[in-house]
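Trainee: What follows is entry-v1.txt, compact mmCIF, C-alpha atoms and all ligand atoms.
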# COMPACT_ATOMS: atom_id res chain seq x y z
CA MET A 176 4.29 5.07 31.17
CA ARG A 177 7.25 2.79 30.39
CA VAL A 178 5.70 -0.56 29.45
CA LEU A 179 7.24 -3.82 28.28
CA GLY A 180 5.25 -5.74 25.64
CA ILE A 181 5.59 -9.44 24.84
CA GLU A 182 4.19 -11.16 21.75
CA THR A 183 4.30 -14.93 21.15
CA SER A 184 0.94 -15.69 19.51
CA CYS A 185 2.31 -17.32 16.35
CA ASP A 186 5.85 -17.72 14.99
CA GLU A 187 7.53 -14.45 16.00
CA THR A 188 9.07 -14.14 19.45
CA ALA A 189 8.91 -10.41 20.15
CA ALA A 190 9.53 -7.95 22.98
CA ALA A 191 9.37 -4.15 22.96
CA ILE A 192 9.45 -1.27 25.43
CA VAL A 193 7.44 1.90 24.88
CA ASP A 194 7.30 5.11 26.85
CA GLY A 195 3.90 6.52 25.96
CA ARG A 196 3.87 6.51 22.18
CA ARG A 197 7.68 6.47 21.94
CA VAL A 198 9.15 3.06 21.03
CA LEU A 199 12.37 2.64 23.05
CA SER A 200 13.20 -0.81 21.68
CA ASP A 201 11.48 -3.31 19.42
CA VAL A 202 12.97 -6.81 18.96
CA VAL A 203 11.47 -9.52 16.74
CA SER A 204 13.00 -12.97 16.37
CA SER A 205 11.36 -14.84 13.51
CA GLN A 206 11.18 -18.63 13.52
CA VAL A 207 10.24 -18.78 9.87
CA GLU A 208 13.26 -20.87 8.83
CA PHE A 209 12.21 -23.66 11.25
CA HIS A 210 8.66 -23.81 9.84
CA ARG A 211 9.61 -23.43 6.17
CA PRO A 212 10.33 -27.14 5.57
CA TYR A 213 6.75 -27.91 6.68
CA GLY A 214 5.11 -25.24 4.48
CA GLY A 215 3.38 -23.60 7.46
CA VAL A 216 3.63 -22.94 11.19
CA VAL A 217 3.91 -26.13 13.26
CA PRO A 218 2.40 -25.28 16.70
CA GLU A 219 4.68 -27.55 18.75
CA ILE A 220 7.80 -26.20 17.07
CA ALA A 221 6.56 -22.64 17.64
CA SER A 222 6.08 -23.22 21.39
CA ARG A 223 9.51 -24.80 21.77
CA HIS A 224 11.27 -21.96 19.95
CA HIS A 225 9.42 -19.30 21.98
CA LEU A 226 10.65 -21.05 25.10
CA GLU A 227 14.24 -20.98 23.84
CA ASN A 228 14.13 -17.47 22.34
CA LEU A 229 12.12 -15.40 24.78
CA VAL A 230 14.80 -14.85 27.43
CA PRO A 231 17.48 -13.78 24.88
CA VAL A 232 14.90 -11.58 23.08
CA LEU A 233 13.97 -9.90 26.40
CA GLY A 234 17.66 -9.40 27.20
CA GLU A 235 18.24 -7.75 23.83
CA CYS A 236 15.13 -5.61 24.28
CA PHE A 237 16.32 -4.21 27.64
CA ARG A 238 19.86 -3.76 26.28
CA ARG A 239 18.70 -1.72 23.27
CA ALA A 240 16.47 0.46 25.46
CA GLY A 241 19.28 0.91 28.02
CA LEU A 242 16.83 -0.08 30.75
CA SER A 243 16.39 -2.83 33.33
CA PRO A 244 13.14 -4.36 34.64
CA ALA A 245 13.36 -1.99 37.64
CA ASP A 246 12.76 0.94 35.22
CA LEU A 247 9.42 -0.45 34.01
CA GLU A 248 5.98 0.78 35.07
CA GLY A 249 3.95 -2.03 33.53
CA VAL A 250 3.94 -5.27 31.52
CA ALA A 251 1.68 -6.11 28.57
CA VAL A 252 1.33 -9.44 26.81
CA THR A 253 -0.71 -10.92 23.98
CA ARG A 254 -3.12 -13.29 25.69
CA GLY A 255 -4.91 -14.34 22.47
CA PRO A 256 -6.11 -15.17 19.93
CA GLY A 257 -3.34 -17.42 18.63
CA LEU A 258 -1.67 -20.79 19.08
CA ILE A 259 -2.37 -21.81 22.65
CA GLY A 260 1.03 -23.34 23.47
CA ALA A 261 2.81 -20.38 21.88
CA LEU A 262 0.70 -17.83 23.78
CA LEU A 263 1.31 -19.66 27.05
CA VAL A 264 5.05 -19.00 26.87
CA GLY A 265 4.57 -15.22 26.60
CA VAL A 266 1.75 -15.04 29.16
CA THR A 267 3.73 -17.05 31.72
CA ALA A 268 6.85 -14.90 31.22
CA ALA A 269 4.83 -11.67 31.54
CA LYS A 270 3.21 -12.87 34.76
CA ALA A 271 6.61 -13.81 36.19
CA ILE A 272 8.06 -10.37 35.40
CA ALA A 273 4.97 -8.59 36.77
CA LEU A 274 5.02 -10.65 39.97
CA SER A 275 8.74 -10.41 40.62
CA HIS A 276 8.93 -6.64 39.96
CA ASP A 277 5.52 -5.78 41.41
CA LEU A 278 4.25 -4.31 38.12
CA PRO A 279 0.69 -3.98 36.79
CA LEU A 280 -0.16 -6.46 34.03
CA ALA A 281 -2.30 -5.98 30.88
CA GLY A 282 -3.47 -8.95 28.79
CA VAL A 283 -3.83 -7.71 25.23
CA HIS A 284 -6.03 -8.90 22.34
CA HIS A 285 -3.76 -9.60 19.35
CA ILE A 286 -6.14 -8.15 16.74
CA GLU A 287 -6.78 -5.06 18.83
CA ALA A 288 -2.99 -4.62 19.02
CA HIS A 289 -2.82 -4.72 15.19
CA LEU A 290 -5.66 -2.16 15.04
CA TYR A 291 -3.86 -0.02 17.62
CA SER A 292 -0.46 -0.26 15.84
CA VAL A 293 -1.27 2.70 13.55
CA THR A 294 -1.55 5.07 16.53
CA LEU A 295 2.22 4.77 17.08
CA GLU A 296 2.90 6.62 13.83
CA HIS A 297 -0.30 8.45 12.84
CA GLU A 298 -2.82 10.87 14.31
CA ILE A 299 -6.01 9.01 13.48
CA ALA A 300 -9.54 10.44 13.58
CA PHE A 301 -12.84 8.83 14.60
CA PRO A 302 -15.06 7.23 13.49
CA HIS A 303 -12.91 5.29 11.04
CA LEU A 304 -12.94 1.99 9.22
CA ALA A 305 -10.23 -0.54 9.99
CA LEU A 306 -9.25 -3.51 7.88
CA VAL A 307 -7.04 -6.11 9.52
CA ALA A 308 -5.61 -8.64 7.09
CA SER A 309 -3.08 -11.14 8.40
CA GLY A 310 -2.21 -14.83 8.18
CA GLY A 311 -4.95 -15.77 10.63
CA HIS A 312 -7.54 -12.98 10.28
CA THR A 313 -9.30 -10.83 7.73
CA GLU A 314 -11.83 -8.54 9.38
CA LEU A 315 -13.39 -5.15 8.81
CA TYR A 316 -14.29 -2.96 11.80
CA LEU A 317 -16.04 0.32 12.34
CA VAL A 318 -14.15 2.16 15.09
CA PRO A 319 -16.50 4.87 16.41
CA ALA A 320 -14.19 5.98 19.24
CA PRO A 321 -10.79 4.93 20.66
CA ARG A 322 -10.84 1.26 21.62
CA ARG A 323 -14.45 0.65 20.57
CA TYR A 324 -15.01 -1.83 17.76
CA ARG A 325 -17.96 -2.95 15.71
CA ARG A 326 -17.19 -5.87 13.43
CA LEU A 327 -18.73 -5.39 9.99
CA ALA A 328 -17.22 -8.37 8.18
CA ARG A 329 -15.00 -11.39 8.65
CA THR A 330 -13.69 -14.07 6.35
CA ARG A 331 -15.93 -17.07 5.81
CA ASP A 332 -12.96 -19.33 5.00
CA ASP A 333 -9.26 -18.46 4.54
CA ALA A 334 -7.61 -15.24 5.70
CA ALA A 335 -5.97 -13.01 3.05
CA GLY A 336 -2.43 -13.88 4.22
CA GLU A 337 -3.36 -17.55 4.29
CA ALA A 338 -4.46 -17.23 0.64
CA TYR A 339 -1.06 -15.72 -0.24
CA ASP A 340 0.70 -18.53 1.56
CA LYS A 341 -1.45 -21.36 0.11
CA VAL A 342 -1.44 -20.10 -3.48
CA GLY A 343 2.28 -19.34 -3.19
CA LYS A 344 2.98 -22.84 -1.90
CA LEU A 345 0.96 -24.36 -4.74
CA LEU A 346 3.01 -22.32 -7.22
CA GLY A 347 6.33 -23.41 -5.72
CA LEU A 348 7.23 -20.21 -3.83
CA GLY A 349 7.82 -21.73 -0.37
CA TYR A 350 6.66 -20.39 2.98
CA PRO A 351 5.65 -17.67 3.79
CA ALA A 352 4.79 -16.68 0.23
CA GLY A 353 3.20 -13.25 0.87
CA PRO A 354 6.39 -11.18 0.98
CA ARG A 355 7.91 -13.14 -1.95
CA VAL A 356 4.85 -12.63 -4.19
CA ASP A 357 4.98 -8.92 -3.32
CA ARG A 358 8.68 -8.68 -4.29
CA LEU A 359 8.34 -10.80 -7.46
CA LEU A 360 5.59 -8.57 -8.82
CA GLN A 361 7.18 -5.23 -7.98
CA GLY A 362 8.85 -4.80 -11.37
CA TYR A 363 6.24 -6.78 -13.33
CA ASP A 364 3.92 -4.98 -15.73
CA GLY A 365 2.85 -7.88 -17.97
CA PRO A 366 -0.59 -9.48 -18.37
CA ALA A 367 -2.67 -11.06 -15.59
CA ILE A 368 -4.75 -14.25 -15.56
CA PRO A 369 -8.07 -13.20 -14.01
CA PHE A 370 -9.15 -14.66 -10.65
CA PRO A 371 -12.71 -14.54 -9.26
CA LEU A 372 -14.10 -11.72 -7.06
CA PRO A 373 -16.62 -13.41 -4.74
CA ARG A 374 -19.77 -11.60 -3.62
CA MET A 375 -21.99 -12.92 -0.84
CA ARG A 376 -25.51 -13.75 -1.99
CA ASP A 377 -26.96 -12.27 1.21
CA GLY A 378 -25.31 -8.90 0.47
CA SER A 379 -23.00 -9.24 3.47
CA LEU A 380 -19.54 -7.65 3.42
CA ASP A 381 -17.87 -10.92 4.47
CA PHE A 382 -14.70 -12.02 2.71
CA SER A 383 -13.93 -15.31 1.00
CA PHE A 384 -10.48 -16.24 -0.26
CA SER A 385 -10.59 -20.02 -0.62
CA GLY A 386 -11.85 -19.78 -4.23
CA LEU A 387 -8.50 -18.23 -5.21
CA LYS A 388 -6.67 -21.36 -4.13
CA THR A 389 -9.06 -23.55 -6.15
CA ALA A 390 -8.67 -21.29 -9.19
CA ALA A 391 -4.86 -21.53 -8.93
CA LEU A 392 -5.07 -25.31 -8.59
CA ARG A 393 -7.18 -25.56 -11.77
CA MET A 394 -4.63 -23.43 -13.64
CA VAL A 395 -1.86 -25.80 -12.60
CA GLU A 396 -3.88 -28.95 -13.36
CA SER A 397 -4.83 -27.69 -16.81
CA GLY A 398 -1.18 -26.95 -17.58
CA ARG A 399 -1.84 -23.22 -18.09
CA VAL A 400 0.50 -22.38 -15.22
CA ARG A 401 3.62 -24.27 -14.14
CA PRO A 402 4.85 -24.01 -10.52
CA LEU A 403 8.36 -22.65 -9.99
CA GLN A 404 11.10 -25.25 -9.80
CA ASP A 405 14.16 -25.07 -7.54
CA GLY A 406 16.65 -22.49 -8.75
CA GLU A 407 14.49 -21.49 -11.75
CA ASP A 408 14.00 -17.89 -12.87
CA PRO A 409 10.32 -17.04 -12.07
CA ALA A 410 9.97 -15.28 -15.44
CA ALA A 411 10.82 -18.60 -17.16
CA ALA A 412 7.99 -20.64 -15.56
CA PRO A 413 5.05 -20.61 -18.03
CA GLY A 414 2.12 -18.54 -16.73
CA LEU A 415 3.60 -18.08 -13.25
CA LEU A 416 3.90 -14.29 -13.06
CA GLU A 417 0.61 -13.84 -14.95
CA ALA A 418 -1.15 -16.03 -12.39
CA LEU A 419 0.49 -14.36 -9.38
CA HIS A 420 -0.38 -10.92 -10.76
CA GLY A 421 -4.03 -11.97 -11.30
CA PHE A 422 -4.14 -13.47 -7.81
CA GLN A 423 -2.70 -10.39 -6.10
CA GLU A 424 -5.06 -8.05 -7.97
CA ALA A 425 -8.00 -10.27 -6.92
CA VAL A 426 -6.99 -10.10 -3.23
CA VAL A 427 -6.59 -6.33 -3.38
CA ASP A 428 -9.84 -5.95 -5.38
CA GLN A 429 -11.75 -7.86 -2.73
CA LEU A 430 -10.23 -5.96 0.22
CA LEU A 431 -10.94 -2.60 -1.45
CA ASP A 432 -14.44 -3.66 -2.59
CA ARG A 433 -15.53 -4.55 0.95
CA ALA A 434 -13.90 -1.50 2.52
CA THR A 435 -15.47 0.82 -0.07
CA ARG A 436 -18.95 -0.65 0.40
CA ALA A 437 -18.56 -0.34 4.18
CA LEU A 438 -17.41 3.24 3.79
CA GLU A 439 -20.40 4.12 1.62
CA GLY A 440 -22.84 2.49 4.07
CA ALA A 441 -21.49 4.00 7.30
CA ARG A 442 -23.15 7.03 8.97
CA PRO A 443 -21.64 9.33 10.05
CA ALA A 444 -19.06 9.14 7.26
CA PRO A 445 -15.80 7.55 8.49
CA ALA A 446 -12.89 9.99 8.71
CA GLY A 447 -10.43 7.54 7.17
CA VAL A 448 -9.39 3.95 6.64
CA VAL A 449 -6.84 2.02 8.71
CA LEU A 450 -5.03 -0.93 7.08
CA CYS A 451 -3.13 -3.24 9.42
CA GLY A 452 -1.93 -6.83 9.90
CA GLY A 453 0.80 -8.64 7.94
CA VAL A 454 -0.88 -8.25 4.52
CA SER A 455 -0.96 -4.45 4.98
CA ALA A 456 2.83 -4.62 4.40
CA ASN A 457 1.98 -5.48 0.78
CA SER A 458 3.22 -2.73 -1.53
CA ARG A 459 0.48 -3.21 -4.13
CA LEU A 460 -2.31 -3.03 -1.50
CA ARG A 461 -0.75 0.13 -0.03
CA ALA A 462 -0.40 1.82 -3.42
CA ARG A 463 -3.86 0.89 -4.66
CA ALA A 464 -5.56 1.80 -1.36
CA ALA A 465 -3.83 5.20 -1.29
CA GLU A 466 -4.93 5.88 -4.87
CA HIS A 467 -8.45 4.48 -4.49
CA PHE A 468 -9.37 6.21 -1.23
CA GLY A 469 -7.24 9.28 -2.01
CA ALA A 470 -9.45 9.87 -5.08
CA ARG A 471 -12.43 9.93 -2.70
CA GLY A 472 -10.70 12.35 -0.33
CA VAL A 473 -10.45 9.67 2.38
CA PRO A 474 -7.11 9.35 4.23
CA VAL A 475 -5.52 5.92 4.58
CA TRP A 476 -3.44 5.14 7.67
CA VAL A 477 -1.03 2.19 7.43
CA PRO A 478 1.71 1.20 9.89
CA SER A 479 5.27 1.03 8.54
CA ALA A 480 6.27 -2.47 7.34
CA GLY A 481 7.87 -3.55 10.66
CA LEU A 482 4.73 -2.62 12.59
CA SER A 483 2.40 -4.33 10.07
CA THR A 484 3.62 -7.86 10.69
CA ASP A 485 3.62 -9.36 14.20
CA ASN A 486 5.60 -7.28 16.69
CA ALA A 487 5.56 -6.40 20.37
CA ALA A 488 5.61 -2.59 20.02
CA MET A 489 1.89 -2.69 19.19
CA VAL A 490 1.29 -4.90 22.25
CA ALA A 491 3.26 -2.58 24.54
CA ALA A 492 1.47 0.49 23.11
CA LEU A 493 -2.00 -0.95 23.62
CA GLY A 494 -1.04 -2.26 27.07
CA GLU A 495 0.22 1.21 27.99
CA ALA A 496 -3.15 2.73 27.01
CA MET A 497 -5.01 0.05 28.99
CA LEU A 498 -2.88 0.52 32.11
CA ARG A 499 -3.14 4.31 31.88
CA ALA A 500 -6.94 3.90 31.78
CA GLY A 501 -6.75 1.77 34.94
CA GLU A 502 -7.49 -1.50 33.11
CA ARG A 503 -5.21 -4.04 34.70
CA ASP A 504 -5.38 -7.80 34.82
CA GLY A 505 -4.63 -10.14 37.70
CA LEU A 506 -2.17 -13.00 37.63
CA GLU A 507 -5.07 -15.37 36.99
CA ILE A 508 -5.37 -14.33 33.30
CA CYS A 509 -4.95 -17.21 30.86
CA ALA A 510 -3.81 -17.59 27.29
CA GLU A 511 -6.85 -18.08 25.04
CA ALA A 512 -6.85 -19.50 21.51
CA SER A 513 -9.87 -17.42 20.44
CA ILE A 514 -11.38 -14.27 21.96
CA PRO A 515 -14.08 -12.15 20.29
CA LEU A 516 -13.39 -8.46 19.66
CA GLY A 517 -16.12 -5.80 19.66
CA GLU A 518 -19.78 -6.29 18.84
CA GLU A 519 -21.29 -7.50 15.61
CA GLY A 520 -23.21 -4.87 13.74
CA GLU A 521 -24.20 -2.72 10.82
CA GLY A 522 -22.24 0.24 9.52
CA THR A 523 -23.81 3.01 11.57
CA ALA A 524 -21.86 4.42 14.49
O1 LIG B 601 0.21 -10.22 11.06
P1 LIG B 601 1.12 -11.35 10.69
O2 LIG B 601 2.61 -11.14 10.82
O3 LIG B 601 0.80 -12.63 11.54
C1 LIG B 601 -0.49 -13.04 11.86
O4 LIG B 601 -1.03 -12.54 12.88
O5 LIG B 601 -1.02 -13.85 11.05
O6 LIG B 601 0.76 -11.77 9.19
C2 LIG B 601 1.47 -12.76 8.50
C3 LIG B 601 0.86 -12.94 7.12
C4 LIG B 601 1.43 -14.11 6.33
O7 LIG B 601 0.37 -14.82 5.74
C5 LIG B 601 2.29 -13.42 5.25
O8 LIG B 601 2.39 -14.16 4.05
C6 LIG B 601 1.54 -12.13 5.04
O9 LIG B 601 1.07 -11.75 6.33
N1 LIG B 601 2.41 -11.07 4.53
C7 LIG B 601 2.26 -10.51 3.29
C8 LIG B 601 3.31 -9.58 3.15
N2 LIG B 601 4.06 -9.58 4.32
C9 LIG B 601 3.48 -10.50 5.14
N3 LIG B 601 1.36 -10.75 2.34
C10 LIG B 601 1.48 -10.03 1.19
N4 LIG B 601 2.46 -9.12 0.98
C11 LIG B 601 3.39 -8.86 1.92
N5 LIG B 601 4.35 -7.95 1.70
ZN ZN B 602 -0.82 -10.80 13.76
Would you mind writing the file's structure down as structure tokens?

Mentor:
Amino acid sequence: MRVLGIETSCDETAAAIVDGRRVLSDVVSSQVEFHRPYGGVVPEIASRHHLENLVPVLGECFRRAGLSPADLEGVAVTRGPGLIGALLVGVTAAKAIALSHDLPLAGVHHIEAHLYSVTLEHEIAFPHLALVASGGHTELYLVPAPRRYRRLARTRDDAAGEAYDKVGKLLGLGYPAGPRVDRLLQGYDGPAIPFPLPRMRDGSLDFSFSGLKTAALRMVESGRVRPLQDGEDPAAAPGLLEALHGFQEAVVDQLLDRATRALEGARPAPAGVVLCGGVSANSRLRARAAEHFGARGVPVWVPSAGLSTDNAAMVAALGEAMLRAGERDGLEICAEASIPLGEEGEGTA
């Protein structure tokens, strides 16, 4: 089916058209420059920019695909979780297109779309483990069959991407810091200042990243690490690269620790591990996960960088699967700031 997808849950205005698993066009307009002065996403600014950008983004999406709305067979939209005002813009536009062109509508769960994004590029097997790590979420799922999810762990405080952004901000790297930290460390092979690896006392697989921010703050307060100043070479700031390296290794250590423990506890044995969400674009996480799970004979499936961060191709792809399965929503669907996904449970499928 030819399905249009719309994504406006945070600060990317995105539209894409898929035909089955083929991506015909995929347009993302980032608002990051408007949020940068504030050091994070400002919800009101996000909504306003979605409102201004969505029509041009849709126009570009149809132009690149060489299609018009009359060629579509369905419309999919992220209905949550996310920023409510931002979501509303996409949901309202999707309803208008569905109504005016008499098309079936699918309201998509943003995290499920991230989990589904890997299917556009990989043949994945079941059951598998899936780790979604983004700016708003860090969760581990057991996926026993297509579109069935059992949540094994979540973060108890910050998300992994949020930790990158907060620690990066503290160390003078601006917003969003994740991609910059990744780039800065790519050629670095010097020492690392160690950061803590938290373990839950109750043995749960839950994540916790807020301690990394506190550790970084202490390093700055004690004078061991100096934040980057405007125009300065990062290698010249005392302790900066050592701290960033230690921080990044601690994030990756924690993600791999939880995923490995989940893998060892799950019966039947998962056929592989999916990494998705913005942080899965991280080159160090990709390399270490491939090496770590590869050594155990477990395949790792990761979307390409453009499909890791927020995009509408994953929304269109999941919507296409939903519509093909006869799951369609009425025009009464609403944007929702938080929606649960899957059941809570242990690691057995
Ligand atoms: O999935 P996403 O685009 O949006 C949300 O749904 O949150 O994820 C954005 C997050 C940001 O925190 C950003 O800093 C982080 O993903 N991120 C990265 C990288 N690219 C994006 N973190 C580390 N390394 C990267 N290469
Ligand atoms: Zn996302």

Trainee: Around the point (16.0, 0.2, 20.5) (coordinates from the file), which residues reach within 12 Å if we count all atoms listed in the file? Answer as a VMD selection string.

Mentor: chain A and resid 190 to 194 197 to 203 233 to 242 488

Trainee: Near Leu372 in chain A, counting all atoms listed in the file, which residues have an atom at most 8 Å away, once you skip same-chain residues fewer than 5 positions from it, shown as a count of residues only?

Mentor: 3

Trainee: Go through A:Val426, A:Ile508, A:Val454, A:Ala245 one by one, measure the shortest atom-to-atom distance of each to ligand LIG 601 (chain B) using all atoms listed in the file, and give the residue with the smallest value.

Mentor: A:Val454

Trainee: Between range 320-378 of chain A and range 209-223 of chain A, at 10 Å or less, what are the per-residue closest atom pairs and their distances in Å? Count all atoms listed in the file, order by chain and rising residue number, and return it as a tab-separated table.

Mentor:
residue	atom	partner	partner_atom	distance
A:Glu337	CA	A:Gly215	CA	9.6
A:Asp340	CA	A:Gly215	CA	8.2
A:Lys341	CA	A:Gly214	CA	8.8
A:Lys344	CA	A:Gly214	CA	7.1
A:Leu348	CA	A:Gly214	CA	9.9
A:Gly349	CA	A:Gly214	CA	6.6
A:Tyr350	CA	A:Arg211	CA	5.3
A:Pro351	CA	A:Gly215	CA	7.3
A:Ala352	CA	A:Gly214	CA	9.6

Trainee: Which residues are near ligand LIG 601 (chain B) - at most 9 Å, using all atoms listed in the file? Format: as a ChimeraX atom specification.

Mentor: /A:184-187,257,285-286,289,307-312,334-341,343,350-358,423,451-460,480,482-486

Trainee: Using CA of Pro369 in chain A and CA of Gly421 in chain A as the two end points, give the distance in Å to one decimal.

Mentor: 5.0 Å

Trainee: Write out as a CSV table (one decimal) with C-alpha atoms, in the frame of the given file the residues lying within 10 Å of Glu495 in chain A, counting only C-alpha atoms and excluding same-chain residues fewer than 3 positions away.

Mentor:
chain,number,residue,atom,x,y,z
A,176,MET,CA,4.3,5.1,31.2
A,177,ARG,CA,7.2,2.8,30.4
A,178,VAL,CA,5.7,-0.6,29.4
A,179,LEU,CA,7.2,-3.8,28.3
A,180,GLY,CA,5.2,-5.7,25.6
A,192,ILE,CA,9.4,-1.3,25.4
A,193,VAL,CA,7.4,1.9,24.9
A,194,ASP,CA,7.3,5.1,26.8
A,195,GLY,CA,3.9,6.5,26.0
A,196,ARG,CA,3.9,6.5,22.2
A,248,GLU,CA,6.0,0.8,35.1
A,249,GLY,CA,4.0,-2.0,33.5
A,250,VAL,CA,3.9,-5.3,31.5
A,251,ALA,CA,1.7,-6.1,28.6
A,280,LEU,CA,-0.2,-6.5,34.0
A,281,ALA,CA,-2.3,-6.0,30.9
A,489,MET,CA,1.9,-2.7,19.2
A,490,VAL,CA,1.3,-4.9,22.2
A,491,ALA,CA,3.3,-2.6,24.5
A,492,ALA,CA,1.5,0.5,23.1
A,498,LEU,CA,-2.9,0.5,32.1
A,499,ARG,CA,-3.1,4.3,31.9
A,500,ALA,CA,-6.9,3.9,31.8
A,501,GLY,CA,-6.8,1.8,34.9
A,502,GLU,CA,-7.5,-1.5,33.1

Trainee: Of the residues A:Ala411, A:Ala487, A:Leu226, A:Val473, which is the one nearest to ligand ZN 602 (chain B), using only C-alpha atoms and all ligand atoms?

Mentor: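 Among the listed residues, the smallest separation from ligand ZN 602 (chain B) belongs to A:Ala487.
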
Trainee: Using all atoms listed in the file, determine which residues lie at most 10 Å from His284 in chain A, disregarding the query and same-chain residues fewer than 5 positions distant; provide the list as a list of chain:residue names.

Mentor: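 Here the answer would be A:Val252, A:Thr253, A:Arg254, A:Gly255, A:Pro256, A:Gly257, A:His289, A:Leu290, A:Val490, A:Leu493, A:Gly494, A:Glu511, A:Ser513, A:Ile514, A:Pro515, A:Leu516.
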